[in-house]
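**Q** Pasting in a structure now, in C-alpha cells, and then I'll have a few things to ask.
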Amino acid sequence: MEQIPQIPKDKFKLIHDENNADQEKIGTPSLTYMQDVRRRLFNNKVAVVCLSLLSIIVVVAVLAPVIAPHNPNAQQVTMSNLPPKLGNLNIPGMNGYQNMGGKMVDAYKQAGAPDGTFYILGTDYLGRDLLSRIIYGTRLSLVVAVLATLVDLLIGVPYGIVSGWKGGKTDTFMQRIVEIVSSIPNLIVVILMMIVLKPGLTSIVIALAITGWVTMARLVRAQTFQLKEQEYILAARTLGEPSMKIATKHLIPNLSSTIIIQTMFTIPNAIFFEAFLSFIGIGIPAPNASLGTLLSDGQKAFRFLPYQMWAPAIILSIIMIATNLLGDGLRDAFDPQSSEN
Amino acid sequence: MSDQKEVIVSVKNLKQYFNIGKPNMVKAVDDVSFDIYKGETFGLVGESGSGKSTTGRSIIRLYNPTDGHIYFNGQDISTIKSHGPKMKEFRREMQMIFQDPYASLNPRMKVKDIIAEGLDVHHLVNSEDERDKRVRELLDMVNLNPEHMTRYPYEFSGGQRQRIGIARALAVDPQFIIADEPISALDVSIQAQVVNLMQDIQKKKGLTYLFIAHDLSMVKYISDRIAVMYRGKIVELADSDEIYNNPLHAYTKSLLSAIPVPDPEIEKTRTRIDFDHKRPFLDDQRLQEVLPGHFLYCNDEQAAKIKN
Amino acid sequence: MAKYILKRILYLFLTLFIIATITFFMMKMLPGTPFSNENRMSAEQLKIVKAQYGLDQSVFVQYVRYIGGLLQGNLGTSFQFNNEPVTALIGQRIVPSMQIGAQAMVVGTIGGILLGAIAAIRKNTWVDTLATFISILGLSIPSFVLAVLLQFYLAYKWKIYPVALWDNFQSSVLPTLALSALPLGTVARFMRTEMVDVLSSDYIELAKSKGNSNWKVVTKHALRNSLIPVVTIIGPMAVSVMTGSMVVENIFSIPGIGEQFVKSITTNDYPTIMGLTIFYSFLLIIVYLIVDILYGLIDPRIRLGNGGKE
Amino acid sequence: MDKILEVKNLHVDFDTYNGVVHAIRGVDFHLNAGETLAIVGESGSGKSITVRSILQLLAKNGTISQGEVLYHGDDLLQRSDKEMDKLRGNKISMIFQDPMTSLDPTMTIGKQVAEPLLIHNNVSKKDALKRAEEVLRLVGIPNPKARMNDYPHQFSGGQRQRIVIAIAIVNYPEILIADEPTTALDVTVQAQIIDLLKELQQKIGTSIIFITHDLGVVAGIADRVAVMYAGRLVEYGSVNDVFYNPQHPYTWGLLDSMPTLDTSESDRLNSIPGTPPNLLNPPKGDAFAPRNAYAMAIDEEEQPPFFKVSKHHYAATWLLHPDAPKVTPPASILKRYEKFKTLGGNVENV
C-alpha cells in the first residue's frame, strides 16, 4: 500500500470522451423470452428425454393406422393368448415360448400359427394383436388429453381472465360458481354422466368439460389479479388501450407460462381418468381399446399371462411420468429463479 | 405570484375510498383540493399510506373517484365515461411515469412496441416506417440508443428502463405527466440521470409535472410547489422554498427534521421533531391560505394568528 | 371466526342441496326403469313395485319426497340389494372403507411431508432427485396398476400378505399401500415447493443468524411454516383416496363402500348410486370444511385478522 | 484502538445459471471496538455479501474463494458451521433489511426474542422470556408485557424493525451487523430507528457495521466509512475524510448526484453516466473507468492500488499517483474541501 508503483507516464493521459454512447451499449445477444425458455428447457436433460418420449408416442398414435401391424379389433380365436414374439430373434421373454406346466413350450407352434407369424407384444384372449391395441388405445388416451386441454383453454382460461379482470361483484359471483362446482367431487359428476349418457368418448369429454376447467380458472384468475396491478397494465390503461387489447397484448402472453404448466398437469389427469373409468367398466365400451380397458382385461389374466397387463401399464406410466416431469421442467424453464435460489 | 398563472389541473374536494361499506373501508384520499399551474412541477410528498399515489391515480382516472371533481384545462374529467371518445382524447393529454422500472414494462414485448403502444392506440402513425421513425426519435429524446428498439426490457438496467417508460409516456405528446415515485427504486447515481432528463424534456416541451415522492430532498430540488400529504389529507401546501424555510404544520416539521443530509456536521446538530400521530385532525380544521400562496390544514383561529 | 364457520356450514347445505337436486333429475332423465329388463315381472307386478317405490307419482312429488327424506337422513332404498335402505348399506360397509382410507391418508401425508422436507433440505443433490423421482412415481402409477402389482408379487408370489381377504390388520396393508401412493406423491411435491420457498425466506436467515443449528432452523421455523399450506391439499387428497378406493377395494375384494358403488353402477341400482353420491359429497364437503377451519386455527395471520396495528 | 474484526482479501463467487459471478473481488477492512463503520454502495456492489461472509450466511451457491475474517485475530473462515453457530446471535448478530419478512410469521414475538438467549445461555424459558420483555421495552415497544404473545403481523413496520433489533441485541453482542436496516422504512421511522441504534450502542457498547446506500444516513451514524463499488472498496476513512475530503471519482459522483436542501433548481444535478459493470466478466482495470469522467489509460489496464491520503484515509484511484495529472473535482466537492479546511483537515494530493 505504501509503495507507489512505477507506471509509464503516458498511461496517465485522461481518455474520457464526452460521448457516453458506449456505456449504453448492450453486449449480450438479444434473446426473446421464449428463446430463453427454450434454451433452458433444452439444457434440462430430463425434460428433453421426456419431450422426446412423448413426441414418439404422439407420432406413433397419430400414425396408428399406418404403424399398427394388425387391425386392433380383429379377433382370431385360434391365435388367443399368444406370448410376445419379436421375429425369429431368440430373445428370452420375446421368443414366443410360454411356461406350460413347468415346461417352456413354443406357444405359436402349439396354436398352429403359420411360420413367420409373430405378435411383438402377443395377443389377448380373443387373439387380437396387443401391440396394435395399445397403439390405438394410446391414441384414444391422447384424444381425451387433447380434448381436456381444449376444455381448459376454452373454458378455464377465459373464465379466469374475466373473473380476475372484472373483480368486484362479477368476480364474487363467478367464484361462488367455481366453489360449488369444485366442492362436488368430480368423480361423481363423471359417474353420473356415464350413467345418464352412454359410456363412451363423448360422455367422458362432457364430464371433463363440466369439472375439468375449475383448476385452470382458479390459477388464471389469481394470476390475472396480480397482473392487473402490474404497472405495465396500468400504463396500457392510461394510454387508452381497450380491455380486449390489454387481454390479448398483455395478459395472455404473461399468463402463458401458467397456462402451459397447468396443461401439463391436466393431460395426465385426463388420461388417468379415462383409464380409471374404463378399468371399472364404464369408460370406453368394447370392442374399442383404450389403455384403461387393456389394463382391465390384462388384470384378469395377470397371474398367468402377465405380459397382457405389463405392456399397457408401462405405456400408461411412461406417459404419466413424462408429462409430470416435463411439467416440472417447463416450470423451471419459465421461472428460473424457482430452481436457482 | 402564482395567481397570474394558468391552471391546468384543478382538484376539488377529491375523495377516494376503497371497500366502501365494509369493515375494512379505507379513506385513501379524503377531501383533497389543489391546483396545478401550467408549466410547473408540483411535488406531492408523504409517507407510505398517505394517499399520494392514490391521488395521482385518481387524477389520471385509473380509479373512479368516490366524490369530488377533477378539472383538466377547465373540463371536468372526474365523470367522463371509462370507455368513450372523450376518455380517449383525455388519455392523450395526460400521461404517467411509474415507480418500478421492472414492473412497468411488459417483459414479453419489444422496446419499440412498448414505446409505440400509445401511437397504435391513438392511430398517430400511418405506416410501419413512420412508426419506427417516431420510436427512434423518442429513444433519442431519452438518450437511449435507437438501435436498441428491437430488444426486450430485461436487457436494460433500471435507469434505462425508466427512460423507456418516459419515452412511452411522451409518445402521445401529453401536456401533463404524473410521475409516481419515478426514482425511488433507482440507485442514487442513477436517480440524477432520470431527474435531469425529466427536467430537460420539461423545458423542451413545456410540460407540467405532478411529481409524487417520499424523498423530500429530491422533491424540493425538482418542484416549484409542494403539497405534503398525511393520512389522505393535504396538511400543507406552498412554494418549495417556503415549505422548507417556513414549515407551519407539525407534521411537515417532523418530516423535514427527519431527512438525513450527506453532511456529517449538519447531521451532528440535527434534532428530530416527533409528531403525535394519535389525534392528527380536528373537526374544525380545514386547508386554508394562511400566508400568500401558503396553505395550512388548521382551524380559523390558528390561521388568523399566523396571518397577523 | 364463529361467523365464518356458520357461513361455511350454510354453504355446505346449499351445495348438498344442489348436488341432491342435480343427482335426482339426472336419474330421472334415464330411459326406462331398473325393472324394465326384468322380464319375469308382469305389468301388474311392475305397477305394484312402482307404487311401492313411489315411482308412479309425478316427478315433482318424487323430488319433494326425496329431499324430505334426505332431511330426515333417509338416502333411499336399494333396488337390488335385498331392498335395504342405503343408509343401512353404508353402515355395514363403512368400517373397512374408513380404515383403509384413513390409513392411506396418514401414511401418504406423513410420508409425503418427510419426503418433501428431505428433498427441500437437500435441494439439488441426489437425495432431492431420488425423493422427487419417488413422488413422481407415486403421482404417475395409477392406484389400480399398483394394486394389481402389489397383490401379485407381495401376496400371490411371495405370500407375505393375504391375497384378498378382509379380517385383520395384515389384510389392510396392501390396499393402504396402493392407495397412499398418490397422496404421498402429491404431498411430497407440494411440501418440497413450500419448504424451498420458506427456506429461502428472510426469517429463516434471521433464525440462522441467531445461532440456531441447521437442524433447529428446520424443526423450529421451516417445518411449521411449510406445513400450514399443506393443510389446504388434504381436501383434494381425500377426493383422490376416495376415487382410488373404488378400484382398490374391488381388486382386494374389500367389503367397503367403494366396492358397493362400483357394483351399483354396473347393476344400474339408481337409488344406491344416488344415495352414495350424496353420502360421498357430504363426506368431502365436511373434509373441506374441517380443513378450512383448521387452516384458520393454525395460521395466526388468519386467526387474528390481517390488519397491522399502527 | 482495538481491531476486533479484520477482513482481509475477501473474494466471494456465486455460481449462477449464466456463469460464475465474482461478487467480491478482494475486500479489506477492519472494525474497531465501539465504533460504527458504514459500508456504502449501490445495489449489486457487494456490501451485503461482504458482511454475510463474516457470519458465513451466504446463499447456497455462494463460496468464499479466498481471504480471512479475523475475529480477535482468529480466522472465522476456518471454523465449522457448528462453531459459527456459537458466535451467531451471541457475539456477532445481524439486523436485516426488510422488517416485514424477517420475522417468523407463526411464532409469537416473545419467543422469537427469547430464542437467542435460550440457544446461547443456560437459562430457563421463564427467565429468557422475562429478559425478552425487558429488551422489548428497551427498544421502545410500548406495553411489552401484553404484546409478548402477539404475532409479527400485528405490528407496524417500524415496530417490527424494533423487534428485529431486540432479537439482535438480546445477548449484548460485541458486533452488530445492520444490513440496510432502514431502507424499507419511511423517513420519520428511519430517523427513530437510527436514534435507537445510536442509543443502544451507548448503552451496551457494541460495535456496529452499518450497511446502506444512503449517504445521508451514513453522515449521521458512522465514525468511519468504506465506499464500495463493483465488489471492491474504492475509498475508506473517517466520516469527515470521506464526506469533506473525498478522493475517488466514484465518491465524488455519489456525493454530487444527491441534491442537498440548499441545491437550487438552477444547479443541475451531476449524474454518473452509465451503469455498474456486470461481474460475470469483471473488467480488467478499474471497474469504474467506463463511467469515470477522469479515467486515464492506466485505468483500463490495471486495478489501482490503495493510495494513502492521510493516516487513516485511503483511496483506490490512479489519480493519486504522483505522475497523474491534477484534475479539478466537481464544484460541490470543492465546497466540501473548503469545509474540510475549516474543520482543520489537510487537503493533500489535489
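We name chains A, B, ... following the order of the C-alpha cells; residues begin at 1 in each chain, and ligands are numbered from 1 as shown.
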Can you tell me, as a PyMOL selection string, what residues are no more than 9 Å from Ile36 in chain B when counting only C-alpha atoms, ignoring any on the same chain fewer than 5 positions away?
**A** chain B and resi 6-11+41-42+208-210+225
**Q** Restrict the selected residues to C-alpha atoms and save them as an mmCIF file, in the first residue's frame.
**A**
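Here's the written file again38.cif:
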```cif
data_model
loop_
_atom_site.group_PDB
_atom_site.id
_atom_site.type_symbol
_atom_site.label_atom_id
_atom_site.label_comp_id
_atom_site.auth_asym_id
_atom_site.auth_seq_id
_atom_site.Cartn_x
_atom_site.Cartn_y
_atom_site.Cartn_z
ATOM 1 C CA GLU B 6 -52.890 29.431 -15.887
ATOM 2 C CA VAL B 7 -54.345 26.437 -14.046
ATOM 3 C CA ILE B 8 -54.004 23.153 -15.918
ATOM 4 C CA VAL B 9 -55.274 20.697 -13.321
ATOM 5 C CA SER B 10 -57.657 21.587 -10.581
ATOM 6 C CA VAL B 11 -58.625 19.054 -7.933
ATOM 7 C CA THR B 41 -43.605 20.870 -11.314
ATOM 8 C CA PHE B 42 -45.943 20.195 -8.472
ATOM 9 C CA THR B 208 -46.353 20.172 -16.489
ATOM 10 C CA TYR B 209 -45.419 17.532 -13.894
ATOM 11 C CA LEU B 210 -47.078 16.143 -10.846
ATOM 12 C CA ARG B 225 -44.549 23.973 -5.262
#
```
**Q** Do you have, as JSON lines, the list of residues of chain C lying at most 12 Å from chain D, each with its nearest atom pair and that distance in Å to one decimal, counting only C-alpha atoms and ordered by chain then number?
**A**
```
{"residue": "C:Ile121", "atom": "CA", "partner": "D:Lys60", "partner_atom": "CA", "distance": 11.2}
{"residue": "C:Arg122", "atom": "CA", "partner": "D:Lys60", "partner_atom": "CA", "distance": 10.8}
{"residue": "C:Lys123", "atom": "CA", "partner": "D:Lys60", "partner_atom": "CA", "distance": 9.8}
{"residue": "C:Asn124", "atom": "CA", "partner": "D:Lys60", "partner_atom": "CA", "distance": 10.4}
{"residue": "C:Thr125", "atom": "CA", "partner": "D:Lys60", "partner_atom": "CA", "distance": 12.0}
{"residue": "C:Val198", "atom": "CA", "partner": "D:Asp104", "partner_atom": "CA", "distance": 10.0}
{"residue": "C:Leu199", "atom": "CA", "partner": "D:Ala59", "partner_atom": "CA", "distance": 10.6}
{"residue": "C:Ser200", "atom": "CA", "partner": "D:Ala59", "partner_atom": "CA", "distance": 8.5}
{"residue": "C:Ser201", "atom": "CA", "partner": "D:Thr101", "partner_atom": "CA", "distance": 7.4}
{"residue": "C:Asp202", "atom": "CA", "partner": "D:Ser102", "partner_atom": "CA", "distance": 4.6}
{"residue": "C:Tyr203", "atom": "CA", "partner": "D:Ser102", "partner_atom": "CA", "distance": 4.0}
{"residue": "C:Ile204", "atom": "CA", "partner": "D:Asp104", "partner_atom": "CA", "distance": 7.6}
{"residue": "C:Glu205", "atom": "CA", "partner": "D:Leu57", "partner_atom": "CA", "distance": 7.6}
{"residue": "C:Leu206", "atom": "CA", "partner": "D:Ser102", "partner_atom": "CA", "distance": 6.4}
{"residue": "C:Ala207", "atom": "CA", "partner": "D:Asp104", "partner_atom": "CA", "distance": 8.3}
{"residue": "C:Lys208", "atom": "CA", "partner": "D:Arg88", "partner_atom": "CA", "distance": 7.8}
{"residue": "C:Ser209", "atom": "CA", "partner": "D:Arg88", "partner_atom": "CA", "distance": 5.3}
{"residue": "C:Lys210", "atom": "CA", "partner": "D:Gly89", "partner_atom": "CA", "distance": 3.8}
{"residue": "C:Gly211", "atom": "CA", "partner": "D:Asp85", "partner_atom": "CA", "distance": 4.3}
{"residue": "C:Asn212", "atom": "CA", "partner": "D:Asp85", "partner_atom": "CA", "distance": 6.3}
{"residue": "C:Ser213", "atom": "CA", "partner": "D:Asp85", "partner_atom": "CA", "distance": 6.3}
{"residue": "C:Asn214", "atom": "CA", "partner": "D:Lys82", "partner_atom": "CA", "distance": 8.8}
{"residue": "C:Trp215", "atom": "CA", "partner": "D:Lys82", "partner_atom": "CA", "distance": 10.9}
{"residue": "C:Lys216", "atom": "CA", "partner": "D:Ile119", "partner_atom": "CA", "distance": 10.0}
{"residue": "C:Val217", "atom": "CA", "partner": "D:Asp104", "partner_atom": "CA", "distance": 11.0}
{"residue": "C:Lys220", "atom": "CA", "partner": "D:Met107", "partner_atom": "CA", "distance": 9.4}
{"residue": "C:His221", "atom": "CA", "partner": "D:Asp104", "partner_atom": "CA", "distance": 7.0}
{"residue": "C:Ala222", "atom": "CA", "partner": "D:Asp104", "partner_atom": "CA", "distance": 9.0}
{"residue": "C:Leu223", "atom": "CA", "partner": "D:Thr106", "partner_atom": "CA", "distance": 10.9}
{"residue": "C:Arg224", "atom": "CA", "partner": "D:Thr106", "partner_atom": "CA", "distance": 7.8}
{"residue": "C:Asn225", "atom": "CA", "partner": "D:Thr106", "partner_atom": "CA", "distance": 6.8}
{"residue": "C:Ser226", "atom": "CA", "partner": "D:Thr106", "partner_atom": "CA", "distance": 10.5}
{"residue": "C:Leu227", "atom": "CA", "partner": "D:Thr106", "partner_atom": "CA", "distance": 11.1}
{"residue": "C:Ile228", "atom": "CA", "partner": "D:Thr106", "partner_atom": "CA", "distance": 9.4}
{"residue": "C:Leu297", "atom": "CA", "partner": "D:Thr106", "partner_atom": "CA", "distance": 11.4}
{"residue": "C:Ile298", "atom": "CA", "partner": "D:Thr106", "partner_atom": "CA", "distance": 8.5}
{"residue": "C:Asp299", "atom": "CA", "partner": "D:Thr106", "partner_atom": "CA", "distance": 6.7}
{"residue": "C:Pro300", "atom": "CA", "partner": "D:Thr106", "partner_atom": "CA", "distance": 6.2}
{"residue": "C:Arg301", "atom": "CA", "partner": "D:His153", "partner_atom": "CA", "distance": 6.6}
{"residue": "C:Ile302", "atom": "CA", "partner": "D:His153", "partner_atom": "CA", "distance": 10.0}
{"residue": "C:Arg303", "atom": "CA", "partner": "D:Tyr151", "partner_atom": "CA", "distance": 10.7}
{"residue": "C:Leu304", "atom": "CA", "partner": "D:Gln154", "partner_atom": "CA", "distance": 8.3}
{"residue": "C:Gly305", "atom": "CA", "partner": "D:Gln154", "partner_atom": "CA", "distance": 8.5}
{"residue": "C:Asn306", "atom": "CA", "partner": "D:His153", "partner_atom": "CA", "distance": 6.8}
{"residue": "C:Gly307", "atom": "CA", "partner": "D:Gln154", "partner_atom": "CA", "distance": 6.9}
{"residue": "C:Gly308", "atom": "CA", "partner": "D:Gln154", "partner_atom": "CA", "distance": 4.7}
{"residue": "C:Lys309", "atom": "CA", "partner": "D:Phe155", "partner_atom": "CA", "distance": 5.3}
{"residue": "C:Glu310", "atom": "CA", "partner": "D:Ser156", "partner_atom": "CA", "distance": 5.1}
```
**Q** From the set A:Gln35, A:Tyr136, A:Pro199, A:Asn43, which residue has the shortest atom-to-atom contact distance to chain D, counting only C-alpha atoms?
**A**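 Of the candidates, the smallest distance to chain D is held by A:Asn43.
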**Q** Can you check which residues of chain D have any atom within 10 Å of chain A? Use only C-alpha atoms and format it as JSON, numbers by chain.
**A** {"D": [15, 16, 17, 59, 60, 61, 273, 274, 275, 276, 277, 289, 290, 291, 292, 293, 294, 295, 296, 297, 298, 299, 300, 301, 304, 305, 306, 307, 308, 314, 316, 318, 319, 320, 321, 322, 323, 324, 325, 327]}
**Q** Using only C-alpha atoms and a cut-off of 12 Å, which residues of chain B sit close to chain C? Please list them as a PyMOL selection string.
**A** chain B and resi 23-26+49+277-278
**Q** Could those residues be written to a file, using C-alpha atoms, as a PDB file, in the first residue's frame?
**A**
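For reference, result-v1.pdb as written:
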```
ATOM      1  CA  PRO B  23     -65.405  -3.076   7.880  1.00  0.00           C
ATOM      2  CA  ASN B  24     -62.064  -2.614   6.115  1.00  0.00           C
ATOM      3  CA  MET B  25     -63.045   0.636   4.381  1.00  0.00           C
ATOM      4  CA  VAL B  26     -60.062   2.841   3.604  1.00  0.00           C
ATOM      5  CA  GLY B  49     -50.116   5.108   3.158  1.00  0.00           C
ATOM      6  CA  HIS B 277     -49.988  10.506  15.495  1.00  0.00           C
ATOM      7  CA  LYS B 278     -52.810   9.983  17.998  1.00  0.00           C
TER       8      LYS B 278
END
```
**Q** Please, which residues of chain C lie no more than 8 Å from chain A when the count uses only C-alpha atoms, and can they be set out as number ranges by chain?
**A** C: 15, 19, 23, 26-27, 29-30, 136-137, 139-142, 144-145, 148, 152, 200, 239, 243, 247, 262, 265-266, 277, 280-281, 284-285
**Q** Which residue out of A:Asn81, A:Thr117, A:Thr263, A:Asn95 has the minimum interatomic distance to Pro69 in chain A when only C-alpha atoms are used?
**A**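 For Pro69 in chain A, the nearest of the given residues is A:Thr117.
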**Q** So how many Å separate CA of Ile194 in chain D and CA of Asn149 in chain D, to one decimal?
**A**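 Result for CA of Ile194 in chain D versus CA of Asn149 in chain D: 26.4 Å, one decimal.
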**Q** What is the CA of Val241 in chain C-CA of Ser180 in chain C distance in Å, reported with one decimal?
**A**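 That distance, rounded to one decimal, is 7.5 Å.
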**Q** From the options B:Ala238, B:Ala179, B:Leu14, B:Leu287, which residue's atoms come nearest to chain A, counting only C-alpha atoms?
**A**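 Using only C-alpha atoms, chain A sits closest to B:Ala179.
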